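**Q** Sharing a structure below in structure tokens format, with a few things to ask.
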Amino acid sequence: SSKTRTAFVCNECGADFNKWQGQCGECDAWNSLSEIVLESATAAPAAARRSGWAGKAEVPRITALKDVRHSEEARVSTGIGEFDRVLGGGLVEGAVVLIGGDPGIGKSTLLLQALAQMSGNLSALYVTGEESLAQVAGRAVRLGLPLDNLQALAETGIERILQHAVEARPRMIVADSVQTLWTESLTAAPGSVSQVRESAARLVRYAKETGTAVFLVGHVTKEGGIAGPRVLEHMVDAVLYFEGESGSRFRLLRAFKNRFGAVNELGVFAMGDKGLKEVPNPSAIFLSGSNSQQPGSCVLVTREGTRPLMVEVQALVDSSPLSNPRRVAVGLEQNRLAMLLAVLHRHGGIVVGDQDVFVNVVGGIRVQETAADLPVLLAVLSSLRDKPLADKTVAFGEVGLSGEIRPVPNGEERLREAATHGFKRAIVPKGNAPKSGSYKGLEIIAVERLSQALEAAA
Ligand code: TYD
Ligand code: MG
């Protein structure tokens with residue numbers, strides 16, 4: 001066989017090198033280089049397209065953009081609304097979607113359900129490298145899924161998988177999992193980063209040549225990456241993470257990267273004995289559910305992707321035995337918490353310098369937008385004073401370094417969500433407040449300065 005040209009890539013930062021070395025010259029990580037095959041799919045998309053099976057030889061030439069024919073990407077519904085939402089409105093043909101998550105979180109279940117639903121419209125191939133065909137079929141039957149157009153293959157060699165695909169021509173392929181795939185062109189052991197990367201690259205090339213949609217399942221490592229190859233994230237069109245707190249039946253599907261939709265879009269599911277069920281109105285599950293307000297708690301309306309979501313932020317403020325008290329943020333950015341506490345001191349006159357401050361977002365959700373600033377400080381103040389906020393109160397708003405409360409996008413939509421869920425008072429930035437002082441039964445308390453907000457919450 002002809003000798004394949006190879007190079008070395010860093011699993012941490014993705015830098016390439018001609019020769020193996022013990023330490024990455026880019027990011028200084030040790031033992032992070034592994035061998036890859038050159039001239040792989042993603043490196044030469046144009047050449048790959050010309051050799052595509054459709055036989056459409058296309059020589060690239062310069063074209064005025066106004067003359068380029070284009071259309072909205074054709075999308076196919078997965079039959080699961082929450083899945084469609086995270087994909088950006090359904091599956092795009094030829095898209096390669098990486099779904100990462102802890103083992104046992106429900107990745108295979110989700111894809112089997114989606115594939116069975118979609119296979120009425122598009123022929124599908126489920127490639128399993130982890131379970132036997134009997135196990136897959138058994139689960140599908142137990143879930144009561146329609147199996148008529150669903151083909152399965154228990155195989156891990158990428159050359160043979162693609163050979164089968166070329167013959168059967170499915171419009172969708174699931175590879176479960178990408179960590180089991182390997183190619184004959186590398187000597188590295190199956191499961192090694194170079195094998196995973198190269199096998200994924202072959203599937204990406206196949207997807208782009210043939211317009212076949214491909215789902216890659218990837219187990220997440222302890223460090224939170226998809227088993228070694230961060231590089232996979234660059235090769236695919238979308239990266240979705242499937243997450244859930246241990247002990248909870250709720251599962252969150254989050255778009256981390258999406259060429260065809262909004263990132264941070266969130267889909268919510270509940271795992272039951274009939275598989276995954278969507279939770280189309282998830283606001284309720286992120287509230288702690290206690291009927292009376294507790295000290296140290298504040299409900300906020302955040303926006304995840306394209307919809308508003310009510311979540312509860314909790315704070316615990318307690319006098320610290322340490323000379324350097326602890327500031328711990330779970331589900332929020334640590335540095336932002338430190339900054340907010342400084343603003344609270346300087347512009348609110350509230351001293352927490354000798355206190356440990358713990359802040360947590362209920363339900364294992366992460367809030368990445370600044371609209372959480374004001375609720376975080378209200379929760380901190382409430383815990384410090386051991387005094388709950390008034391019943392049925394929500395808040396949102398960005399806190400600036402000079403103590404100003406700044407408006408956030410989509411204020412009205414947030415207020416509507418709060419009203420829908422029966423809240424009675426909203427402490428919000430003046431810039432987000434309707435002039436009338438109320439909104440659909442919500443009393444609106446408009447604030448411009450942190451001091452006003454603290455007064456309103458007292
Ligand atoms: P699975 O889809 O195999 O996880 P992954 O592919 O991410 O490793 O999900 C396995 C878990 O889901 C397992 O702990 C059992 C649970 N489960 C249910 O609770 N109900 C069901 O109907 C199914 C199919 C699985
Ligand atoms: Mg699985």
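Starting from 1 in every chain, residues are counted up; chains themselves are A, B, ... following the order of the structure tokens, and ligands are numbered from 1 as listed.
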Env of range 386-390 of chain A: 10 Å cut, atoms = only C-alpha atoms, seq-sep filter 2 positions within chain, self excluded. Answer as a list in words.

**A**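 In the requested form, the answer reads Ser292, Gln293, Gln294, Pro295, Gly296, Ser297, Cys298, Val299, Leu316, Val317, Leu378, Ala379, Val380, Leu381, Ser382, Ser383, Leu384, Lys392, Thr393, Val394, Lys424, Arg425, Ala456, Ala457 and Ala458 of chain A.
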
**Q** Using DSSP on the backbone coordinates, identify all residues within range 125-329 of chain A classified as strand (DSSP E or B); present the result as a PyMOL selection string.

**A** chain A and resi 125-128+150-154+157+172-176+182+213-220+226+238-243+250-258+266-272+275-278+297-304+307-319+327-329

**Q** Contacts of range 450-452 of chain A at 7 Å or less, counting only C-alpha atoms, minus same-chain residues fewer than 6 places along, as a short mmCIF file (atom, residue, chain, number, x, y, z; two decimals) with C-alpha atoms, in the first residue's frame?

**A**
data_model
loop_
_atom_site.label_atom_id
_atom_site.label_comp_id
_atom_site.auth_asym_id
_atom_site.auth_seq_id
_atom_site.Cartn_x
_atom_site.Cartn_y
_atom_site.Cartn_z
CA HIS A 347 -21.95 51.86 45.48
CA GLY A 348 -24.27 50.04 47.86
CA GLY A 403 -23.29 51.40 40.23
CA GLU A 404 -25.67 52.06 37.37
CA ILE A 405 -28.29 49.47 36.41
#

**Q** Neighbouring residues of ligand 1 are defined here as those with any atom at most 6 Å from a ligand atom, counting only C-alpha atoms and all ligand atoms; list them as a list in words.

**A**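 Here is the list of contacting residues: Pro103, Gly104, Ile105, Gly106, Lys107, Ser108, Thr109, Arg139, Met271, Gly272, Asp273, Lys274 and Gly275 of chain A.
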
**Q** Output N, CA and C atoms for every residue in the selection just made, as a PDB file, in the first residue's frame.

**A**
ATOM      1  N   PRO A 103     -20.982   9.502  29.765  1.00  0.00           N
ATOM      2  CA  PRO A 103     -21.560   8.176  29.507  1.00  0.00           C
ATOM      3  C   PRO A 103     -22.840   8.005  30.336  1.00  0.00           C
ATOM      4  N   GLY A 104     -23.876   7.455  29.714  1.00  0.00           N
ATOM      5  CA  GLY A 104     -25.112   7.181  30.440  1.00  0.00           C
ATOM      6  C   GLY A 104     -26.075   8.344  30.536  1.00  0.00           C
ATOM      7  N   ILE A 105     -25.728   9.469  29.926  1.00  0.00           N
ATOM      8  CA  ILE A 105     -26.598  10.642  30.042  1.00  0.00           C
ATOM      9  C   ILE A 105     -27.832  10.501  29.144  1.00  0.00           C
ATOM     10  N   GLY A 106     -27.710   9.720  28.064  1.00  0.00           N
ATOM     11  CA  GLY A 106     -28.860   9.506  27.184  1.00  0.00           C
ATOM     12  C   GLY A 106     -28.631   9.873  25.722  1.00  0.00           C
ATOM     13  N   LYS A 107     -27.373   9.921  25.297  1.00  0.00           N
ATOM     14  CA  LYS A 107     -27.071  10.305  23.918  1.00  0.00           C
ATOM     15  C   LYS A 107     -27.623   9.296  22.919  1.00  0.00           C
ATOM     16  N   SER A 108     -27.373   8.006  23.202  1.00  0.00           N
ATOM     17  CA  SER A 108     -27.851   6.971  22.277  1.00  0.00           C
ATOM     18  C   SER A 108     -29.368   6.962  22.231  1.00  0.00           C
ATOM     19  N   THR A 109     -29.986   7.159  23.389  1.00  0.00           N
ATOM     20  CA  THR A 109     -31.446   7.170  23.450  1.00  0.00           C
ATOM     21  C   THR A 109     -32.008   8.304  22.615  1.00  0.00           C
ATOM     22  N   ARG A 139     -33.797  -1.969  22.691  1.00  0.00           N
ATOM     23  CA  ARG A 139     -34.145  -0.662  23.239  1.00  0.00           C
ATOM     24  C   ARG A 139     -35.204   0.023  22.372  1.00  0.00           C
ATOM     25  N   MET A 271     -35.888  12.297  31.360  1.00  0.00           N
ATOM     26  CA  MET A 271     -35.679  10.876  31.077  1.00  0.00           C
ATOM     27  C   MET A 271     -36.658  10.058  31.905  1.00  0.00           C
ATOM     28  N   GLY A 272     -37.419   9.229  31.222  1.00  0.00           N
ATOM     29  CA  GLY A 272     -38.387   8.390  31.939  1.00  0.00           C
ATOM     30  C   GLY A 272     -38.285   6.963  31.467  1.00  0.00           C
ATOM     31  N   ASP A 273     -39.247   6.135  31.821  1.00  0.00           N
ATOM     32  CA  ASP A 273     -39.143   4.724  31.416  1.00  0.00           C
ATOM     33  C   ASP A 273     -39.519   4.520  29.951  1.00  0.00           C
ATOM     34  N   LYS A 274     -40.050   5.556  29.304  1.00  0.00           N
ATOM     35  CA  LYS A 274     -40.288   5.474  27.867  1.00  0.00           C
ATOM     36  C   LYS A 274     -39.309   6.383  27.116  1.00  0.00           C
ATOM     37  N   GLY A 275     -38.105   6.517  27.663  1.00  0.00           N
ATOM     38  CA  GLY A 275     -37.080   7.305  26.990  1.00  0.00           C
ATOM     39  C   GLY A 275     -37.180   8.783  27.319  1.00  0.00           C
TER      40      GLY A 275
END

**Q** Residues within 12 Å of ligand 2 should be enumerated using only C-alpha atoms and all ligand atoms and returned as a ChimeraX atom specification.

**A** /A:99-112,126-132,135-136,139,174-180,216-220,242

**Q** Near Lys430 in chain A, counting only C-alpha atoms, which residues have an atom at most 6 Å away, once you skip same-chain residues fewer than 6 positions from it, shown as JSON, numbers by chain?

**A** {"A": [446, 447, 448]}

**Q** Take the selection from the previous step and output its residues with N, CA, C and O atoms, as a PDB file, in the first residue's frame.

**A**
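Ended up saving to part-v1.pdb:
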ATOM      1  N   ALA A 446     -38.846  50.213  38.533  1.00  0.00           N
ATOM      2  CA  ALA A 446     -37.768  50.587  37.612  1.00  0.00           C
ATOM      3  C   ALA A 446     -36.634  51.217  38.399  1.00  0.00           C
ATOM      4  O   ALA A 446     -36.856  52.131  39.193  1.00  0.00           O
ATOM      5  N   VAL A 447     -35.427  50.745  38.196  1.00  0.00           N
ATOM      6  CA  VAL A 447     -34.282  51.287  38.935  1.00  0.00           C
ATOM      7  C   VAL A 447     -33.172  51.723  37.991  1.00  0.00           C
ATOM      8  O   VAL A 447     -32.943  51.112  36.950  1.00  0.00           O
ATOM      9  N   GLU A 448     -32.500  52.819  38.369  1.00  0.00           N
ATOM     10  CA  GLU A 448     -31.380  53.320  37.574  1.00  0.00           C
ATOM     11  C   GLU A 448     -30.039  53.112  38.267  1.00  0.00           C
ATOM     12  O   GLU A 448     -29.001  53.077  37.623  1.00  0.00           O
TER      13      GLU A 448
END

**Q** Please list as a ChimeraX atom specification every residue within 7 Å of Glu265 in chain A, counting only C-alpha atoms and excluding residues in the same chain fewer than 2 positions away.

**A** /A:86,254-255,262-263,267,304-306

**Q** Of the residues A:Leu150, A:Leu401, A:Leu276, A:Val37, which is the one nearest to Ile80 in chain A, using only C-alpha atoms?

**A** A:Leu276

**Q** Go through range 51-225 of chain A and collect every residue that DSSP, computed from the backbone, puts in alpha helix (DSSP H); the answer should be as a ChimeraX atom specification.

**A** /A:81-87,107-118,133-142,158-168,193-210

**Q** Go through A:Arg449, A:Ile36, A:Ala29, A:Glu443 and flag the residue nearest Phe17 in chain A, using only C-alpha atoms for the distances.

**A**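 So, comparing all the options, the nearest one is A:Ile36.
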
**Q** Just give me the gap between CA of Leu309 in chain A and CA of Ser283 in chain A in Å, one decimal is fine.

**A**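 Those two atoms sit 5.1 Å apart.
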
**Q** Hey, can you check how far CA of Glu312 in chain A sits from CA of Phe286 in chain A?

**A** 6.5 Å

**Q** Go through A:Tyr439, A:Val279, A:Gly211, A:Ala95 one by one, measure the shortest atom-to-atom distance of each to Asp237 in chain A using only C-alpha atoms, and give the residue with the smallest value.

**A**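 Selected residue with least distance to Asp237 in chain A: A:Ala95.
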
**Q** Of the residues A:Leu65, A:Leu122, A:Val9, A:Ile161, which is the one nearest to Ser199 in chain A, using only C-alpha atoms?

**A** A:Ile161

**Q** Near Leu253 in chain A, within 7 Å and counting only C-alpha atoms, which residues show up once chain neighbours fewer than 4 positions away are dropped, as a PyMOL selection string?

**A** chain A and resi 240-243+266-268

**Q** Rank A:Val231, A:Ala453, A:Leu374, A:Ala64 by their smallest atom-to-atom distance to Glu198 in chain A, using only C-alpha atoms, and report the top residue only.

**A**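 Using only C-alpha atoms, Glu198 in chain A sits closest to A:Val231.
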
**Q** Within 12 Å of Thr6 in chain A, counting only C-alpha atoms, which residues show up once you throw out same-chain ones fewer than 3 positions away? Write them as a tab-separated table (two decimals) with all heavy atoms, in the first residue's frame, please.

**A**
chain	number	residue	atom	x	y	z
A	3	LYS	N	2.43	4.77	0.96
A	3	LYS	CA	2.68	5.29	2.29
A	3	LYS	C	1.86	6.57	2.51
A	3	LYS	O	1.86	7.47	1.68
A	3	LYS	CB	4.17	5.58	2.42
A	3	LYS	CG	4.58	5.76	3.87
A	3	LYS	CD	6.09	5.69	4.00
A	3	LYS	CE	6.53	6.02	5.41
A	3	LYS	NZ	5.95	7.26	5.92
A	9	VAL	N	-0.50	16.48	15.72
A	9	VAL	CA	-1.38	17.57	16.14
A	9	VAL	C	-1.52	17.54	17.66
A	9	VAL	O	-1.52	16.48	18.28
A	9	VAL	CB	-2.76	17.46	15.44
A	9	VAL	CG1	-3.50	16.22	15.91
A	9	VAL	CG2	-3.60	18.69	15.71
A	16	ASP	N	-0.31	22.12	14.62
A	16	ASP	CA	0.28	21.02	13.85
A	16	ASP	C	1.81	21.07	13.90
A	16	ASP	O	2.39	22.15	13.95
A	16	ASP	CB	-0.10	21.15	12.37
A	16	ASP	CG	-1.56	20.92	12.13
A	16	ASP	OD1	-2.38	21.76	12.58
A	16	ASP	OD2	-1.88	19.92	11.52
A	17	PHE	N	2.42	19.90	13.83
A	17	PHE	CA	3.88	19.83	13.76
A	17	PHE	C	4.27	18.72	12.80
A	17	PHE	O	3.55	17.77	12.61
A	17	PHE	CB	4.48	19.54	15.14
A	17	PHE	CG	4.10	20.57	16.17
A	17	PHE	CD1	2.97	20.40	16.96
A	17	PHE	CD2	4.85	21.73	16.31
A	17	PHE	CE1	2.61	21.36	17.88
A	17	PHE	CE2	4.49	22.70	17.23
A	17	PHE	CZ	3.36	22.52	18.02
A	18	ASN	N	5.48	18.88	12.16
A	18	ASN	CA	5.96	17.85	11.24
A	18	ASN	C	6.46	16.63	11.99
A	18	ASN	O	6.29	15.51	11.55
A	18	ASN	CB	7.13	18.38	10.41
A	18	ASN	CG	6.66	19.44	9.44
A	18	ASN	OD1	5.53	19.37	8.98
A	18	ASN	ND2	7.51	20.39	9.15
A	19	LYS	N	7.12	16.91	13.13
A	19	LYS	CA	7.75	15.82	13.88
A	19	LYS	C	7.13	15.72	15.26
A	19	LYS	O	6.65	16.71	15.81
A	19	LYS	CB	9.25	16.08	14.02
A	19	LYS	CG	10.02	15.72	12.75
A	19	LYS	CD	11.51	15.69	12.99
A	19	LYS	CE	12.05	17.05	13.35
A	19	LYS	NZ	13.33	17.44	12.84
A	20	TRP	N	7.24	14.52	15.81
A	20	TRP	CA	6.75	14.35	17.18
A	20	TRP	C	7.66	15.09	18.14
A	20	TRP	O	8.86	15.16	17.95
A	20	TRP	CB	6.72	12.86	17.55
A	20	TRP	CG	6.04	12.65	18.87
A	20	TRP	CD1	4.71	12.51	19.07
A	20	TRP	CD2	6.65	12.59	20.15
A	20	TRP	NE1	4.44	12.38	20.40
A	20	TRP	CE2	5.61	12.43	21.10
A	20	TRP	CE3	7.97	12.69	20.61
A	20	TRP	CZ2	5.85	12.34	22.47
A	20	TRP	CZ3	8.22	12.60	21.97
A	20	TRP	CH2	7.16	12.42	22.88
A	34	SER	N	-0.36	13.88	18.86
A	34	SER	CA	-0.61	12.55	18.31
A	34	SER	C	-0.64	12.62	16.80
A	34	SER	O	-0.84	13.67	16.20
A	34	SER	CB	-1.90	11.95	18.87
A	34	SER	OG	-2.95	12.84	18.64
A	35	GLU	N	-0.43	11.45	16.19
A	35	GLU	CA	-0.23	11.37	14.75
A	35	GLU	C	-1.56	11.51	14.00
A	35	GLU	O	-2.57	10.96	14.41
A	35	GLU	CB	0.39	10.01	14.43
A	35	GLU	CG	0.92	9.89	13.03
A	35	GLU	CD	1.39	8.47	12.74
A	35	GLU	OE1	0.97	7.54	13.45
A	35	GLU	OE2	2.17	8.30	11.80
A	36	ILE	N	-1.54	12.24	12.90
A	36	ILE	CA	-2.73	12.33	12.05
A	36	ILE	C	-2.33	12.08	10.60
A	36	ILE	O	-1.16	12.17	10.24
A	36	ILE	CB	-3.40	13.72	12.14
A	36	ILE	CG1	-2.39	14.81	11.76
A	36	ILE	CG2	-3.98	13.97	13.52
A	36	ILE	CD1	-3.03	16.10	11.38
A	37	VAL	N	-3.29	11.76	9.76
A	37	VAL	CA	-3.04	11.57	8.34
A	37	VAL	C	-3.20	12.90	7.63
A	37	VAL	O	-4.16	13.63	7.88
A	37	VAL	CB	-4.06	10.56	7.74
A	37	VAL	CG1	-3.81	10.39	6.26
A	37	VAL	CG2	-3.98	9.24	8.45
A	38	LEU	N	-2.24	13.23	6.76
A	38	LEU	CA	-2.39	14.46	5.99
A	38	LEU	C	-3.29	14.21	4.78
A	38	LEU	O	-3.74	13.10	4.56
A	38	LEU	CB	-1.02	14.95	5.53
A	38	LEU	CG	-0.20	15.58	6.65
A	38	LEU	CD1	1.15	16.02	6.13
A	38	LEU	CD2	-0.93	16.74	7.28
A	39	GLU	N	-3.52	15.23	4.00
A	39	GLU	CA	-4.45	15.17	2.86
A	39	GLU	C	-5.77	14.58	3.28
A	39	GLU	O	-6.39	13.83	2.55
A	39	GLU	CB	-3.95	14.30	1.70
A	39	GLU	CG	-2.73	14.78	0.99
A	39	GLU	CD	-1.60	13.79	1.14
A	39	GLU	OE1	-1.58	12.85	0.37
A	39	GLU	OE2	-0.77	13.95	2.02
A	40	SER	N	-6.19	14.89	4.49
A	40	SER	CA	-7.46	14.34	4.91
A	40	SER	C	-8.55	15.28	4.43
A	40	SER	O	-8.30	16.37	3.97
A	40	SER	CB	-7.49	14.16	6.42
A	40	SER	OG	-8.06	15.28	7.00
A	185	SER	N	-5.56	3.30	7.96
A	185	SER	CA	-4.40	4.06	7.49
A	185	SER	C	-3.52	4.56	8.63
A	185	SER	O	-2.49	5.16	8.39
A	185	SER	CB	-4.86	5.23	6.64
A	185	SER	OG	-5.73	6.05	7.38
A	186	LEU	N	-3.90	4.31	9.86
A	186	LEU	CA	-3.06	4.71	10.99
A	186	LEU	C	-2.72	3.48	11.82
A	186	LEU	O	-3.55	2.58	11.97
A	186	LEU	CB	-3.77	5.73	11.88
A	186	LEU	CG	-3.93	7.15	11.36
A	186	LEU	CD1	-4.77	7.96	12.32
A	186	LEU	CD2	-2.58	7.79	11.14
A	187	THR	N	-1.52	3.50	12.39
A	187	THR	CA	-1.14	2.36	13.22
A	187	THR	C	-1.55	2.56	14.67
A	187	THR	O	-1.54	1.62	15.45
A	187	THR	CB	0.40	2.16	13.17
A	187	THR	OG1	0.99	3.43	13.46
A	187	THR	CG2	0.84	1.68	11.82
A	188	ALA	N	-1.91	3.78	15.02
A	188	ALA	CA	-2.28	4.06	16.42
A	188	ALA	C	-3.45	3.18	16.85
A	188	ALA	O	-4.24	2.73	16.02
A	188	ALA	CB	-2.64	5.53	16.58
A	194	SER	N	-5.63	10.31	17.50
A	194	SER	CA	-5.41	10.40	16.06
A	194	SER	C	-6.42	9.54	15.30
A	194	SER	O	-6.92	9.94	14.25
A	194	SER	CB	-3.99	10.02	15.71
A	194	SER	OG	-3.62	8.83	16.39
A	198	GLU	N	-9.10	11.23	12.69
A	198	GLU	CA	-9.06	10.87	11.28
A	198	GLU	C	-10.37	10.21	10.85
A	198	GLU	O	-10.89	10.48	9.77
A	198	GLU	CB	-7.86	9.95	11.00
A	198	GLU	CG	-7.71	9.55	9.55
A	198	GLU	CD	-7.62	10.74	8.59
A	198	GLU	OE1	-7.25	11.85	9.03
A	198	GLU	OE2	-7.94	10.56	7.40
